[in-house]
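Have a look at model.cif below; it lists mmCIF, C-alpha atoms.
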```
data_input
#
loop_
_atom_site.label_atom_id
_atom_site.label_comp_id
_atom_site.auth_asym_id
_atom_site.auth_seq_id
_atom_site.Cartn_x
_atom_site.Cartn_y
_atom_site.Cartn_z
CA MET J 1 13.92 -1.51 15.02
CA LEU J 2 17.54 -0.58 15.79
CA PHE J 3 18.74 -3.37 13.51
CA GLN J 4 16.62 -2.11 10.60
CA ILE J 5 17.81 1.48 11.08
CA LYS J 6 21.42 0.31 10.96
CA SER J 7 20.70 -1.81 7.88
CA TYR J 8 18.99 1.10 6.14
CA LEU J 9 21.92 3.44 6.80
CA GLN J 10 24.27 0.84 5.31
CA PHE J 11 21.92 0.51 2.34
CA LEU J 12 21.96 4.27 1.74
CA TRP J 13 25.76 4.31 1.89
CA HIS J 14 26.10 1.62 -0.78
CA SER J 15 23.09 2.42 -2.97
CA LYS J 16 23.22 3.88 -6.47
CA ASN J 17 20.78 5.07 -9.13
CA GLU J 18 20.61 4.49 -12.90
CA HIS J 19 23.58 6.81 -13.59
CA ALA J 20 25.97 4.33 -11.95
CA VAL J 21 24.66 1.33 -13.92
CA HIS J 22 26.47 0.22 -17.10
CA SER J 23 24.52 -2.94 -17.94
CA PRO J 24 22.04 -2.22 -20.81
CA PHE J 25 19.56 -4.69 -19.30
CA MET J 26 19.70 -3.02 -15.89
CA PHE J 27 19.68 0.52 -17.30
CA SER J 28 16.53 -0.24 -19.30
CA LEU J 29 14.84 -1.89 -16.29
CA LEU J 30 15.58 1.12 -14.10
CA THR J 31 14.71 3.90 -16.54
CA LYS J 32 11.67 2.31 -18.19
CA CYS J 33 10.23 0.54 -15.14
CA PHE J 34 11.59 1.39 -11.70
CA TYR J 35 11.85 5.15 -12.31
CA ASP J 36 8.83 5.49 -14.60
CA LYS J 37 6.92 8.43 -13.09
CA LYS J 38 4.11 8.56 -15.64
CA PRO J 39 0.61 8.12 -14.15
CA LYS J 40 -1.16 4.84 -14.88
CA PRO J 41 -4.94 4.28 -14.88
CA GLU J 42 -4.35 1.07 -12.89
CA TYR J 43 -3.03 3.11 -9.96
CA SER J 44 -6.54 4.39 -9.24
CA ILE J 45 -7.82 0.78 -9.11
CA LEU J 46 -5.04 -0.14 -6.68
CA LYS J 47 -6.00 2.87 -4.55
CA LYS J 48 -9.68 1.89 -4.52
CA TYR J 49 -8.73 -1.69 -3.62
CA ARG J 50 -6.66 -0.42 -0.68
CA ASN J 51 -9.29 2.07 0.50
CA SER J 52 -12.00 -0.59 0.52
CA LEU J 53 -9.86 -2.58 2.97
CA LEU J 54 -8.96 0.45 5.08
CA GLU J 55 -12.68 1.15 5.49
CA ASN J 56 -13.41 -2.42 6.61
CA ASN J 57 -13.43 -2.57 10.42
CA ASN J 58 -14.55 -6.21 10.66
CA THR J 59 -12.22 -8.45 12.66
CA ILE J 60 -10.94 -11.90 11.74
CA GLU J 61 -9.02 -14.63 13.53
CA VAL J 62 -5.66 -14.91 11.81
CA THR J 63 -3.79 -18.20 11.55
CA ASP J 64 -0.09 -17.33 11.31
CA PHE J 65 2.33 -20.01 10.05
CA GLY J 66 5.19 -17.59 9.43
CA ALA J 67 7.77 -15.79 11.54
CA GLY J 68 5.07 -13.86 13.40
CA SER J 69 4.20 -10.19 13.49
CA LYS J 70 6.22 -7.29 14.91
CA VAL J 71 3.02 -5.23 15.10
CA PHE J 72 0.14 -7.42 16.25
CA LYS J 73 0.08 -9.02 19.71
CA SER J 74 -3.17 -10.91 19.13
CA ASN J 75 -4.43 -13.15 16.34
CA THR J 76 -7.79 -11.30 16.40
CA ARG J 77 -7.16 -8.44 14.00
CA ALA J 78 -9.20 -5.79 12.20
CA ILE J 79 -9.04 -6.03 8.42
CA ALA J 80 -8.34 -2.30 8.21
CA GLU J 81 -5.35 -2.65 10.54
CA ILE J 82 -3.95 -5.60 8.59
CA ALA J 83 -4.17 -3.57 5.38
CA LYS J 84 -2.61 -0.55 7.06
CA THR J 85 0.33 -2.19 8.82
CA ALA J 86 0.96 -5.60 7.25
CA GLY J 87 0.07 -5.07 3.60
CA ILE J 88 2.26 -3.79 0.80
CA THR J 89 2.50 0.02 0.68
CA SER J 90 0.92 2.07 -2.11
CA LYS J 91 4.34 2.92 -3.52
CA ARG J 92 5.42 -0.72 -3.55
CA ALA J 93 2.14 -1.86 -5.09
CA GLU J 94 2.66 0.60 -7.94
CA LEU J 95 6.23 -0.61 -8.42
CA LEU J 96 5.09 -4.24 -8.42
CA PHE J 97 2.51 -3.32 -11.06
CA ARG J 98 5.22 -1.65 -13.18
CA ILE J 99 7.58 -4.63 -12.89
CA THR J 100 4.81 -7.03 -13.93
CA ASN J 101 3.67 -4.73 -16.72
CA TYR J 102 7.24 -4.28 -17.99
CA LEU J 103 8.21 -7.97 -17.92
CA GLN J 104 4.79 -9.37 -18.93
CA PRO J 105 5.23 -12.75 -17.23
CA GLU J 106 2.76 -15.34 -18.48
CA SER J 107 2.66 -17.25 -15.19
CA ILE J 108 3.05 -15.89 -11.66
CA LEU J 109 3.31 -17.50 -8.23
CA GLU J 110 2.78 -15.49 -5.05
CA ILE J 111 3.68 -17.01 -1.69
CA GLY J 112 1.61 -15.12 0.88
CA THR J 113 -1.62 -13.54 -0.37
CA SER J 114 -2.72 -11.79 2.84
CA LEU J 115 -5.55 -9.45 1.77
CA GLY J 116 -4.40 -9.37 -1.85
CA LEU J 117 -2.87 -5.89 -2.06
CA ALA J 118 0.19 -7.22 -3.86
CA THR J 119 -1.88 -9.80 -5.76
CA SER J 120 -4.03 -7.05 -7.26
CA ALA J 121 -0.88 -5.29 -8.54
CA LEU J 122 0.37 -8.53 -10.11
CA SER J 123 -3.04 -9.15 -11.70
CA LEU J 124 -3.40 -5.65 -13.15
CA GLY J 125 0.19 -5.73 -14.41
CA ASN J 126 -0.73 -8.50 -16.83
CA LEU J 127 -4.41 -9.45 -17.02
CA LYS J 128 -3.51 -12.34 -19.32
CA ALA J 129 -1.14 -13.92 -16.79
CA LYS J 130 -2.12 -17.03 -14.88
CA ILE J 131 -1.61 -16.29 -11.20
CA ILE J 132 -1.43 -18.81 -8.37
CA THR J 133 -1.36 -17.21 -4.93
CA LEU J 134 -0.92 -19.14 -1.68
CA GLU J 135 -2.40 -18.18 1.70
CA GLY J 136 -2.25 -20.19 4.90
CA CYS J 137 -5.02 -18.43 6.83
CA PRO J 138 -8.57 -19.38 5.71
CA GLU J 139 -10.17 -16.19 7.08
CA THR J 140 -7.65 -13.91 5.41
CA ALA J 141 -8.00 -15.85 2.16
CA LYS J 142 -11.79 -15.53 2.26
CA ASN J 143 -11.55 -11.74 2.47
CA ALA J 144 -8.96 -11.61 -0.31
CA GLN J 145 -11.20 -13.75 -2.52
CA ASN J 146 -14.09 -11.34 -1.91
CA GLN J 147 -11.85 -8.46 -2.96
CA PHE J 148 -10.81 -10.23 -6.17
CA ARG J 149 -14.46 -10.75 -7.09
CA GLU J 150 -15.41 -7.16 -6.26
CA PHE J 151 -12.65 -5.80 -8.49
CA SER J 152 -13.15 -8.38 -11.27
CA LEU J 153 -9.64 -9.79 -11.01
CA THR J 154 -10.39 -13.07 -12.73
CA ASN J 155 -6.89 -14.31 -13.52
CA ILE J 156 -6.12 -15.25 -9.89
CA ASN J 157 -6.30 -18.76 -8.44
CA LEU J 158 -6.09 -18.57 -4.63
CA GLU J 159 -4.98 -21.73 -2.81
CA VAL J 160 -5.51 -22.02 0.95
CA THR J 161 -2.56 -24.14 2.00
CA GLU J 162 0.55 -24.42 4.13
CA PHE J 163 3.28 -23.19 1.80
CA SER J 164 5.90 -25.92 2.26
CA ASN J 165 3.36 -28.70 1.82
CA TYR J 166 2.03 -27.14 -1.39
CA LEU J 167 5.49 -26.60 -2.88
CA GLU J 168 6.70 -30.07 -1.93
CA ASP J 169 3.58 -31.74 -3.38
CA LEU J 170 3.58 -29.73 -6.59
CA ARG J 171 5.33 -31.22 -9.59
CA LEU J 172 7.38 -28.06 -9.91
CA SER J 173 9.51 -29.20 -12.82
CA THR J 174 6.37 -29.06 -15.00
CA PHE J 175 5.72 -25.42 -14.06
CA ASP J 176 7.28 -22.37 -15.64
CA PHE J 177 6.68 -19.47 -13.25
CA ARG J 178 8.14 -16.39 -14.93
CA LEU J 179 7.65 -14.28 -11.80
CA ILE J 180 7.54 -15.40 -8.17
CA TYR J 181 6.78 -13.02 -5.31
CA PHE J 182 7.93 -14.35 -1.93
CA ASP J 183 6.05 -12.72 0.95
CA GLY J 184 4.86 -15.56 3.15
CA ASN J 185 7.35 -16.52 5.82
CA HIS J 186 10.09 -14.16 6.93
CA SER J 187 12.44 -16.74 8.41
CA LYS J 188 15.82 -17.78 7.06
CA LYS J 189 15.01 -21.49 6.86
CA ALA J 190 11.66 -21.06 5.10
CA THR J 191 13.06 -18.51 2.63
CA VAL J 192 16.02 -20.70 1.68
CA ASP J 193 13.82 -23.82 1.56
CA TYR J 194 11.33 -22.14 -0.81
CA PHE J 195 14.21 -20.88 -2.94
CA GLU J 196 15.65 -24.38 -3.32
CA LEU J 197 12.26 -26.05 -3.86
CA LEU J 198 11.41 -23.66 -6.69
CA LEU J 199 14.75 -23.76 -8.53
CA PRO J 200 13.46 -26.46 -10.95
CA THR J 201 10.98 -23.88 -12.34
CA ILE J 202 13.52 -21.27 -13.44
CA THR J 203 14.08 -20.16 -17.02
CA ASN J 204 16.36 -17.53 -18.49
CA GLU J 205 13.52 -14.99 -18.23
CA THR J 206 12.54 -15.75 -14.63
CA VAL J 207 12.52 -13.04 -11.96
CA TRP J 208 11.98 -13.66 -8.26
CA ILE J 209 11.14 -10.95 -5.74
CA PHE J 210 11.84 -11.52 -2.05
CA ASP J 211 10.09 -9.21 0.41
CA ASP J 212 11.68 -7.86 3.61
CA ILE J 213 15.24 -9.00 2.94
CA HIS J 214 16.45 -6.69 5.76
CA TRP J 215 13.62 -7.59 8.16
CA SER J 216 15.99 -9.41 10.54
CA PRO J 217 19.59 -10.68 10.72
CA GLU J 218 18.23 -14.10 9.64
CA MET J 219 16.61 -12.66 6.54
CA GLU J 220 19.83 -10.87 5.61
CA GLU J 221 21.65 -14.21 5.94
CA ALA J 222 19.07 -15.83 3.66
CA TRP J 223 19.55 -13.04 1.11
CA GLU J 224 23.32 -13.57 1.14
CA ILE J 225 22.86 -17.31 0.49
CA ILE J 226 20.53 -16.56 -2.43
CA LYS J 227 22.90 -13.98 -3.95
CA LYS J 228 25.80 -16.43 -3.92
CA HIS J 229 23.93 -19.35 -5.50
CA PRO J 230 25.64 -20.42 -8.77
CA LYS J 231 22.40 -20.28 -10.78
CA VAL J 232 21.77 -16.66 -9.76
CA THR J 233 23.34 -14.03 -12.00
CA VAL J 234 21.89 -10.57 -11.32
CA THR J 235 20.47 -9.45 -7.98
CA ILE J 236 18.99 -6.09 -6.98
CA ASP J 237 18.67 -4.88 -3.39
CA THR J 238 16.07 -2.10 -3.04
CA PHE J 239 16.18 -2.48 0.76
CA GLN J 240 12.55 -3.62 0.99
CA TRP J 241 12.92 -6.15 -1.81
CA GLY J 242 15.55 -8.41 -3.25
CA LEU J 243 15.12 -9.14 -6.97
CA VAL J 244 16.79 -12.20 -8.46
CA PHE J 245 17.49 -12.92 -12.14
CA PHE J 246 18.85 -16.08 -13.76
CA ARG J 247 19.90 -14.61 -17.13
CA LYS J 248 22.82 -16.73 -18.37
CA GLU J 249 24.09 -13.99 -20.69
CA GLN J 250 24.55 -11.59 -17.75
CA PRO J 251 27.76 -11.54 -15.69
CA LYS J 252 27.19 -12.20 -11.99
CA GLU J 253 26.60 -8.79 -10.44
CA HIS J 254 24.83 -7.33 -7.41
CA PHE J 255 23.15 -3.92 -7.48
CA VAL J 256 22.02 -1.80 -4.53
CA ILE J 257 19.43 0.57 -5.98
CA ARG J 258 17.61 3.56 -4.48
CA ILE J 259 13.99 3.88 -5.56
#
```
For this file, produce the structure as structure tokens.
Amino acid sequence: MLFQIKSYLQFLWHSKNEHAVHSPFMFSLLTKCFYDKKPKPEYSILKKYRNSLLENNNTIEVTDFGAGSKVFKSNTRAIAEIAKTAGITSKRAELLFRITNYLQPESILEIGTSLGLATSALSLGNLKAKIITLEGCPETAKNAQNQFREFSLTNINLEVTEFSNYLEDLRLSTFDFRLIYFDGNHSKKATVDYFELLLPTITNETVWIFDDIHWSPEMEEAWEIIKKHPKVTVTIDTFQWGLVFFRKEQPKEHFVIRI
């Protein structure tokens, strides 16, 4: 906790808003997407999706292949508690919806479905997109799948798999994921490995979103490696997320943005 407080104070010191941004691409992204305050009808669906999980007191046995949990001490967890403490926040779900809706990616990969709170935002952001979402825990995946059916989110293909195995087996060079949301394993090695495995899929329009880039010193190290990669041009640090762009026409630049 002390580490994250220190990281957040450093973030606040360095962060800017749209008035300090001179890139037309970035200024448009911030003003028309990040800072868009207009209400959206999809927000009410996201709220209903979340509330249905918060009202579910059933327990499941969670299989955790990632870096572990800072909240849960047992693998037997109530669905409501997972949604409350481990899922994406309402504010972040709305932002993820806006990013997807603004960019309109045709194909999306999510690494780490959990109960589908983020997946629902990706789905509603572009109902025509083809979404593949990966989840390692069968019980968690089963509940997410039930949620997708209940809310008629039909553009989602959920794969129950160990992430590295799936990515290594997939013929990635034949895929063109325009948006990838990384939220499955908050360790430096896994994050960097996934980054390198998925590089063959990038296009000029690709955007990647890494969750919890300041979760630990290791995750901050992973974020620094990603920022410095020669194929990466624009990166955005929102503290919770790190966004990565590969736009060849953009000069290499790093933004620290308050939302």
Point to revise | Ground truth for the PyMOL selection byres ((chain J and resi 194) around 12), written as a VMD selection string | key: chain J and resid 109 to 111 163 to 168 172 180 to 193 195 to 201 208 210 222 226
Exercise for review: May I have the residues within 9 Å of Ile132 (chain J) as a PyMOL selection string, using all atoms listed in the file and disregarding those fewer than 5 positions away in the same chain?
Suggested key: chain J and resi 107-111+155-159
Serialized selection, C-alpha atoms, as a tab-separated table (two decimals), in the coordinates of the input:
```tsv
chain	number	residue	atom	x	y	z
J	107	SER	CA	2.66	-17.25	-15.19
J	108	ILE	CA	3.05	-15.89	-11.66
J	109	LEU	CA	3.31	-17.50	-8.23
J	110	GLU	CA	2.78	-15.49	-5.05
J	111	ILE	CA	3.68	-17.01	-1.69
J	155	ASN	CA	-6.89	-14.31	-13.52
J	156	ILE	CA	-6.12	-15.25	-9.89
J	157	ASN	CA	-6.30	-18.76	-8.44
J	158	LEU	CA	-6.09	-18.57	-4.63
J	159	GLU	CA	-4.98	-21.73	-2.81
```
Check your understanding: J:Ile225, J:Leu115, J:Ile99, J:Leu179: which is nearest Phe34 (chain J), counting only C-alpha atoms?
Key -> J:Ile99
Point to revise | Atomic separation - CA of Asp237 (chain J) relative to CA of Lys38 (chain J), Å | key: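 We find that CA of Lys38 (chain J) and CA of Asp237 (chain J) lie 23.3 Å from each other.
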Exercise for review: Work out how far apart CA of Gln104 (chain J) and CA of Asp169 (chain J) are and give it in Å to one decimal.
Suggested key: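 Pair CA of Gln104 (chain J) / CA of Asp169 (chain J) returns 27.3 Å.
Proximity to Leu117 (chain J) at 9 Å, evaluated using all atoms listed in the file and with sequence-adjacent residues fewer than 6 positions away removed, yields Leu46, Tyr49, Arg50, Ala83, Gly87, Ile88, Thr89, Ser90, Ala93 and Ala144 of chain J.
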Exercise for review: Please measure the separation of CA of Pro41 (chain J) and CA of Leu124 (chain J), giving the value in Å to one decimal.
Suggested key: 10.2 Å
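Those residues returned by the PyMOL selection byres ((chain J and resi 14-31) around 8) for this file are Gln10, Phe11, Leu12, Trp13, Lys32, Cys33, Phe34, Tyr35, Asp36, Phe255, Val256, Ile257, Arg258 and Ile259 of chain J.
Closest approach to Lys48 (chain J) among J:Thr133, J:Ser120, J:Thr85, J:Thr140 is made by J:Ser120 (distances from all atoms listed in the file).
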Let me have the centre and edge lengths in Å, one decimal, of the box along x, y and z around every listed atom of region 86-89 of chain J with 6 Å of margin on each side, as JSON.
```
{"center_x": 1.3, "center_y": -2.8, "center_z": 4.0, "size_x": 14.4, "size_y": 17.6, "size_z": 18.6}
```
